[in-house]
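So this block is data_23.txt, compact mmCIF, C-alpha atoms and all ligand atoms:
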```
# COMPACT_ATOMS: atom_id res chain seq x y z
CA MET V 1 100.77 76.12 102.49
CA SER V 2 98.06 78.75 102.58
CA LEU V 3 97.54 81.53 105.06
CA THR V 4 94.68 81.94 107.51
CA LYS V 5 92.43 84.97 107.17
CA GLU V 6 94.29 86.71 109.99
CA GLU V 7 97.67 85.97 108.37
CA VAL V 8 96.45 87.38 105.02
CA ARG V 9 95.40 90.54 106.85
CA ILE V 10 98.86 90.83 108.42
CA SER V 11 100.55 90.06 105.09
CA ARG V 12 98.64 92.98 103.52
CA ARG V 13 99.70 95.30 106.34
CA MET V 14 103.30 94.18 105.92
CA SER V 15 103.12 94.92 102.17
CA MET V 16 101.67 98.34 102.90
CA VAL V 17 104.41 99.17 105.43
CA LEU V 18 107.37 97.62 103.58
CA ARG V 19 106.43 98.88 100.09
CA HIS V 20 104.32 101.98 100.37
CA ARG V 21 104.03 103.72 103.75
CA PRO V 22 106.73 102.75 106.26
CA GLU V 23 106.28 106.09 108.03
CA ALA V 24 102.65 105.21 108.83
CA ALA V 25 104.04 102.52 111.17
CA GLY V 26 106.81 104.79 112.45
CA LEU V 27 109.46 102.87 110.47
CA THR V 28 112.24 103.97 108.14
CA LEU V 29 113.55 101.59 105.50
CA ASP V 30 117.29 101.54 104.87
CA ALA V 31 118.63 102.38 101.39
CA ASN V 32 118.01 98.81 100.23
CA GLY V 33 114.52 98.51 101.70
CA TRP V 34 115.33 96.55 104.87
CA VAL V 35 114.06 97.07 108.44
CA PRO V 36 115.04 95.11 111.54
CA VAL V 37 112.57 92.26 112.11
CA ALA V 38 112.29 93.28 115.78
CA ASP V 39 111.23 96.81 114.78
CA LEU V 40 108.55 95.52 112.42
CA LEU V 41 107.18 93.14 115.08
CA ALA V 42 106.98 96.00 117.57
CA ALA V 43 105.42 98.39 115.04
CA LEU V 44 102.71 95.93 114.01
CA GLY V 45 102.23 94.47 117.47
CA ILE V 46 102.63 90.91 116.24
CA GLY V 47 104.65 87.90 117.40
CA ARG V 48 107.54 86.22 115.67
CA ASP V 49 105.54 83.04 115.04
CA ILE V 50 102.93 84.85 112.96
CA LEU V 51 105.60 86.76 111.00
CA ASP V 52 107.34 83.47 110.18
CA ALA V 53 104.03 81.95 109.08
CA VAL V 54 103.32 84.92 106.81
CA VAL V 55 106.83 84.92 105.30
CA SER V 56 107.02 81.18 104.64
CA GLY V 57 103.37 80.62 103.71
CA ASN V 58 103.19 83.51 101.28
CA ASP V 59 102.07 82.35 97.84
CA LYS V 60 104.44 84.75 96.11
CA SER V 61 107.35 84.96 98.58
CA ARG V 62 106.67 88.66 98.85
CA PHE V 63 109.09 89.09 101.78
CA ALA V 64 112.75 88.22 102.29
CA VAL V 65 114.47 87.85 105.67
CA ALA V 66 118.28 88.10 105.99
CA THR V 67 120.85 88.57 108.73
CA GLY V 68 123.28 91.45 108.10
CA ALA V 69 127.02 91.49 108.72
CA ASP V 70 126.13 93.23 112.02
CA GLY V 71 124.14 90.16 113.14
CA VAL V 72 120.81 92.03 112.93
CA GLU V 73 118.00 90.16 111.27
CA ARG V 74 116.10 92.27 108.75
CA ILE V 75 113.10 91.94 106.45
CA ARG V 76 112.11 93.62 103.19
CA ALA V 77 109.54 93.34 100.42
CA SER V 78 111.03 91.60 97.38
CA GLN V 79 109.35 93.97 94.89
CA GLY V 80 106.38 96.28 94.33
CA HIS V 81 107.55 99.43 96.14
CA SER V 82 105.92 102.77 95.47
CA ARG V 83 107.95 105.27 93.57
CA ARG V 84 107.75 107.65 96.55
CA VAL V 85 109.64 105.10 98.72
CA ALA V 86 113.22 105.47 97.51
CA VAL V 87 114.71 102.00 97.78
CA ASP V 88 117.38 100.34 95.69
CA LEU V 89 116.82 96.59 95.76
CA GLY V 90 120.34 96.12 94.38
CA LEU V 91 119.14 93.63 91.79
CA THR V 92 121.62 92.78 89.06
CA PRO V 93 120.45 93.13 85.47
CA ALA V 94 119.39 89.79 84.01
CA GLN V 95 118.82 88.41 80.54
CA PRO V 96 115.05 87.84 80.20
CA PRO V 97 113.44 84.94 78.34
CA ALA V 98 112.25 85.56 74.76
CA VAL V 99 108.73 86.44 75.87
CA LEU V 100 107.25 87.68 79.16
CA PHE V 101 103.57 88.29 79.95
CA HIS V 102 101.41 91.01 81.49
CA GLY V 103 97.75 90.60 82.46
CA THR V 104 95.63 93.74 82.46
CA PRO V 105 91.93 94.73 82.38
CA ARG V 106 90.71 94.87 78.76
CA GLN V 107 89.76 98.53 79.16
CA ASN V 108 93.47 99.45 79.58
CA VAL V 109 94.54 97.93 76.27
CA PRO V 110 93.92 100.88 73.89
CA SER V 111 95.94 103.19 76.12
CA ILE V 112 98.69 100.57 76.59
CA MET V 113 98.92 100.03 72.82
CA ARG V 114 99.27 103.79 72.41
CA ASP V 115 101.66 104.65 75.27
CA GLY V 116 103.20 101.28 76.12
CA LEU V 117 103.28 99.78 79.62
CA ARG V 118 104.09 102.38 82.26
CA PRO V 119 105.15 101.83 85.87
CA GLY V 120 102.38 104.08 87.25
CA SER V 121 102.97 104.60 90.96
CA ARG V 122 105.56 101.79 91.21
CA HIS V 123 109.27 101.74 90.39
CA HIS V 124 108.87 99.32 87.50
CA VAL V 125 106.49 97.61 85.13
CA HIS V 126 105.90 94.08 86.48
CA LEU V 127 106.03 91.19 84.03
CA SER V 128 105.22 87.52 84.60
CA PRO V 129 107.21 84.52 83.35
CA ASP V 130 104.09 82.61 82.29
CA VAL V 131 100.53 83.16 81.12
CA ALA V 132 98.93 81.63 84.23
CA THR V 133 100.70 84.11 86.53
CA ALA V 134 99.88 87.05 84.24
CA THR V 135 96.24 85.98 84.22
CA ARG V 136 96.18 85.93 88.03
CA VAL V 137 97.75 89.39 88.23
CA GLY V 138 95.19 90.83 85.79
CA ARG V 139 92.25 89.21 87.60
CA ARG V 140 93.10 91.18 90.75
CA ARG V 141 91.56 94.11 88.91
CA SER V 142 88.91 92.77 86.56
CA GLY V 143 87.07 89.66 85.35
CA ASP V 144 87.62 90.76 81.76
CA ILE V 145 91.34 90.77 81.10
CA VAL V 146 93.82 90.54 78.27
CA VAL V 147 97.22 88.89 78.53
CA LEU V 148 99.85 90.83 76.62
CA ALA V 149 103.02 89.22 75.31
CA VAL V 150 106.17 91.31 75.72
CA GLN V 151 109.06 90.67 73.33
CA ALA V 152 111.54 90.82 76.20
CA ALA V 153 114.65 89.43 74.50
CA ALA V 154 114.20 91.90 71.63
CA MET V 155 113.83 94.73 74.16
CA ALA V 156 117.01 93.62 75.96
CA ALA V 157 118.83 93.52 72.62
CA ALA V 158 117.62 97.10 72.04
CA GLY V 159 119.15 98.19 75.36
CA HIS V 160 116.27 97.92 77.85
CA VAL V 161 117.43 96.70 81.26
CA PHE V 162 115.57 93.85 83.02
CA HIS V 163 115.79 92.67 86.61
CA ARG V 164 114.34 89.59 88.22
CA SER V 165 113.15 90.09 91.80
CA ASP V 166 113.91 87.55 94.53
CA ASN V 167 110.44 86.11 94.00
CA GLY V 168 110.62 85.70 90.23
CA VAL V 169 108.82 88.83 89.04
CA TRP V 170 110.49 90.46 86.00
CA LEU V 171 110.91 94.21 86.25
CA THR V 172 111.71 96.84 83.65
CA GLU V 173 111.22 100.57 83.47
CA ALA V 174 108.67 100.69 80.64
CA VAL V 175 107.62 98.67 77.60
CA PRO V 176 107.20 100.56 74.32
CA PRO V 177 104.12 99.61 72.27
CA HIS V 178 106.08 98.09 69.40
CA HIS V 179 107.36 95.34 71.73
CA LEU V 180 103.81 94.43 72.81
CA GLY V 181 101.09 92.23 71.38
CA GLU V 182 97.99 90.39 72.58
CA HIS V 183 98.80 86.85 73.59
CA SER V 184 96.64 84.17 72.00
CA GLU V 185 96.90 80.55 73.09
C1 LIG S 1 98.15 99.23 83.87
C2 LIG S 1 101.03 92.35 92.44
C3 LIG S 1 96.67 102.13 80.96
C4 LIG S 1 98.75 97.89 84.14
C5 LIG S 1 101.09 91.57 91.14
C6 LIG S 1 98.09 97.53 85.47
C7 LIG S 1 102.25 92.19 90.41
C8 LIG S 1 98.27 100.92 82.07
C9 LIG S 1 97.95 98.88 86.15
C10 LIG S 1 102.37 93.57 91.01
C11 LIG S 1 99.29 101.49 81.28
C12 LIG S 1 98.98 99.11 87.23
C13 LIG S 1 102.08 94.63 89.99
C14 LIG S 1 98.92 102.43 80.28
C15 LIG S 1 100.21 100.10 82.63
N1 LIG S 1 97.61 102.72 80.16
N2 LIG S 1 96.96 101.24 81.90
N3 LIG S 1 99.80 103.03 79.47
N4 LIG S 1 100.49 100.96 81.64
N5 LIG S 1 98.87 100.06 82.88
O1 LIG S 1 99.13 97.07 90.42
O2 LIG S 1 101.30 94.81 87.02
O3 LIG S 1 100.30 90.86 94.96
O4 LIG S 1 100.74 98.87 89.64
O5 LIG S 1 98.44 96.97 83.11
O6 LIG S 1 101.21 90.20 91.34
O7 LIG S 1 98.89 94.90 87.90
O8 LIG S 1 101.16 93.17 95.29
O9 LIG S 1 100.63 96.72 88.41
O10 LIG S 1 96.82 96.96 85.28
O11 LIG S 1 103.47 91.51 90.54
O12 LIG S 1 102.72 91.18 95.49
O13 LIG S 1 98.17 99.87 85.13
O14 LIG S 1 101.42 93.62 92.06
O15 LIG S 1 101.91 91.84 93.36
O16 LIG S 1 98.68 98.28 88.32
O17 LIG S 1 100.77 94.45 89.44
P1 LIG S 1 99.80 97.77 89.30
P2 LIG S 1 100.35 95.18 88.10
P3 LIG S 1 101.48 91.75 94.88
```
Would you mind writing the file's structure down as structure tokens?
Amino acid sequence: MSLTKEEVRISRRMSMVLRHRPEAAGLTLDANGWVPVADLLAALGIGRDILDAVVSGNDKSRFAVATGADGVERIRASQGHSRRVAVDLGLTPAQPPAVLFHGTPRQNVPSIMRDGLRPGSRHHVHLSPDVATATRVGRRRSGDIVVLAVQAAAMAAAGHVFHRSDNGVWLTEAVPPHHLGEHSE
């Protein structure tokens, strides 16, 4: 199911509020990144039907909805938070597959091969489980991209911790250059 133009616009606003600037909408995330659904609806001035359409029609399942022990229904972003928004997603460490992928504009490659992959303004480096997803991620930024292969199992064996977000994105703090190479089909 794909979103209408208006739903995509609201999805972007929800990402902005739930990952980067909750205070801009007058919201405070709890320690694990959740806000009451009712508060988000009020803050964005949207109805429940459109929120449900955005959550269920989202191509990447960017948002998760859950009812707490207190009976309050809450929503959070599954990944992608800014470093300045202190949330603990409470993800358990997971054993990654042998290889994960990262798509990036070609111009970044010399610096990545020198310094490794860095989280930048986010909490983690984001890695994709397959080449097609990595290609899509890279193309957000440039038409000329490189897909890097990350030796994830070797990194895990060397002590690096990996998490898998609710929507299947692999997260780790940083990837040193010696675990990276250009992927060729
Ligand atoms: C690059 C989207 C130079 C890195 C996607 C990337 C993803 C370096 C950019 C999620 C570098 C950061 C994250 C270094 C990393 N030198 N460039 N040493 N280390 N970079 O957006 O992975 O649609 O923060 O390659 O699907 O592109 O928002 O990370 O190009 O899952 O749900 O620095 O965002 O999800 O860019 O994307 P980003 P990303 P959503």
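The space between atom CA of Leu27 of chain V and atom CA of His123 of chain V spans 20.1 Å.
Pocket residues of ligand LIG 1 (chain S), taken as those with any atom at most 6 Å away using all atoms listed in the file, are Arg62, Gly80, Thr104, Asn108, Ser111, Ile112, Asp115, Gly116, Leu117, Arg118, Gly120, Arg122, His126, Val137 and Gly138 of chain V.
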Could you save those same residues with C-alpha atoms as a PDB file, keeping the file's coordinate frame?
```pdb
ATOM      1  CA  ARG V  62     106.670  88.660  98.850  1.00  0.00           C
ATOM      2  CA  GLY V  80     106.380  96.280  94.330  1.00  0.00           C
ATOM      3  CA  THR V 104      95.630  93.740  82.460  1.00  0.00           C
ATOM      4  CA  ASN V 108      93.470  99.450  79.580  1.00  0.00           C
ATOM      5  CA  SER V 111      95.940 103.190  76.120  1.00  0.00           C
ATOM      6  CA  ILE V 112      98.690 100.570  76.590  1.00  0.00           C
ATOM      7  CA  ASP V 115     101.660 104.650  75.270  1.00  0.00           C
ATOM      8  CA  GLY V 116     103.200 101.280  76.120  1.00  0.00           C
ATOM      9  CA  LEU V 117     103.280  99.780  79.620  1.00  0.00           C
ATOM     10  CA  ARG V 118     104.090 102.380  82.260  1.00  0.00           C
ATOM     11  CA  GLY V 120     102.380 104.080  87.250  1.00  0.00           C
ATOM     12  CA  ARG V 122     105.560 101.790  91.210  1.00  0.00           C
ATOM     13  CA  HIS V 126     105.900  94.080  86.480  1.00  0.00           C
ATOM     14  CA  VAL V 137      97.750  89.390  88.230  1.00  0.00           C
ATOM     15  CA  GLY V 138      95.190  90.830  85.790  1.00  0.00           C
TER      16      GLY V 138
END
```
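Among V:Val37, V:Leu3, V:Leu148, V:Val85, the residue with the shortest atom-to-atom distance to Pro22 of chain V, counting all atoms listed in the file, is V:Val85.
Across V:Ala25, V:Val65, V:Leu18, V:Leu180, the tightest approach to Pro110 of chain V is made by V:Leu180 when counting only C-alpha atoms.
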Excluding segment 155-160 of chain V and its own-chain neighbours fewer than 2 positions away, which residues fall within 10 Å of it when counting only C-alpha atoms? Please give them as JSON, numbers by chain.
{"V": [93, 94, 95, 96, 97, 98, 99, 150, 151, 152, 153, 162, 172, 173, 174, 175, 176, 178, 179]}
Identify, on the basis of only C-alpha atoms, every residue whose closest approach to Ser121 of chain V does not exceed 9 Å; exclude the query and any residue fewer than 3 positions from it along the same chain; express the result as a ChimeraX atom specification.
/V:81-84,124
Neighbour list for Arg9 of chain V as a ChimeraX atom specification, cut-off 12 Å, all atoms listed in the file, skip fewer than 3 positions in-chain
/V:3-6,12-16,44,46,50-51,54,58
Saved selection, atoms kept: C-alpha atoms, as a tab-separated table (two decimals), in the coordinates of the input:
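So result-v8.tsv came out as:
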```
chain	number	residue	atom	x	y	z
V	3	LEU	CA	97.54	81.53	105.06
V	4	THR	CA	94.68	81.94	107.51
V	5	LYS	CA	92.43	84.97	107.17
V	6	GLU	CA	94.29	86.71	109.99
V	12	ARG	CA	98.64	92.98	103.52
V	13	ARG	CA	99.70	95.30	106.34
V	14	MET	CA	103.30	94.18	105.92
V	15	SER	CA	103.12	94.92	102.17
V	16	MET	CA	101.67	98.34	102.90
V	44	LEU	CA	102.71	95.93	114.01
V	46	ILE	CA	102.63	90.91	116.24
V	50	ILE	CA	102.93	84.85	112.96
V	51	LEU	CA	105.60	86.76	111.00
V	54	VAL	CA	103.32	84.92	106.81
V	58	ASN	CA	103.19	83.51	101.28
```
Size and centre in Å, one decimal, axis-aligned box, all listed segment 148-166 of chain V atoms plus 3 Å per side, as AutoDock Vina command-line options:
```
--center_x 109.5 --center_y 92.9 --center_z 83.1 --size_x 25.3 --size_y 16.6 --size_z 28.9
```
Point-to-point distance from atom CA of Pro119 of chain V to atom CA of His163 of chain V, Å rounded to tenths:
14.1 Å
Do you have the atom CA of Asn167 of chain V-atom CA of Ala64 of chain V distance handy?
8.9 Å
Nearest to Leu171 of chain V: which of V:Gly57, V:Gly26, V:Pro129, V:Gly143 is it, counting all atoms listed in the file?
V:Pro129
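In terms of minimum interatomic distance to Asp39 of chain V, V:Ile75 ranks closest within V:Ala132, V:Ile10, V:Val125, V:Ile75, counting only C-alpha atoms.
Among V:Thr133, V:Ser128, V:Thr28, V:Ser2, the residue with the shortest atom-to-atom distance to Val87 of chain V, counting all atoms listed in the file, is V:Thr28.
Among the candidate residues V:Ala42, V:His20, V:Val8, V:Gly90, the one lying nearest to Arg164 of chain V is V:Gly90, with distances computed using all atoms listed in the file.
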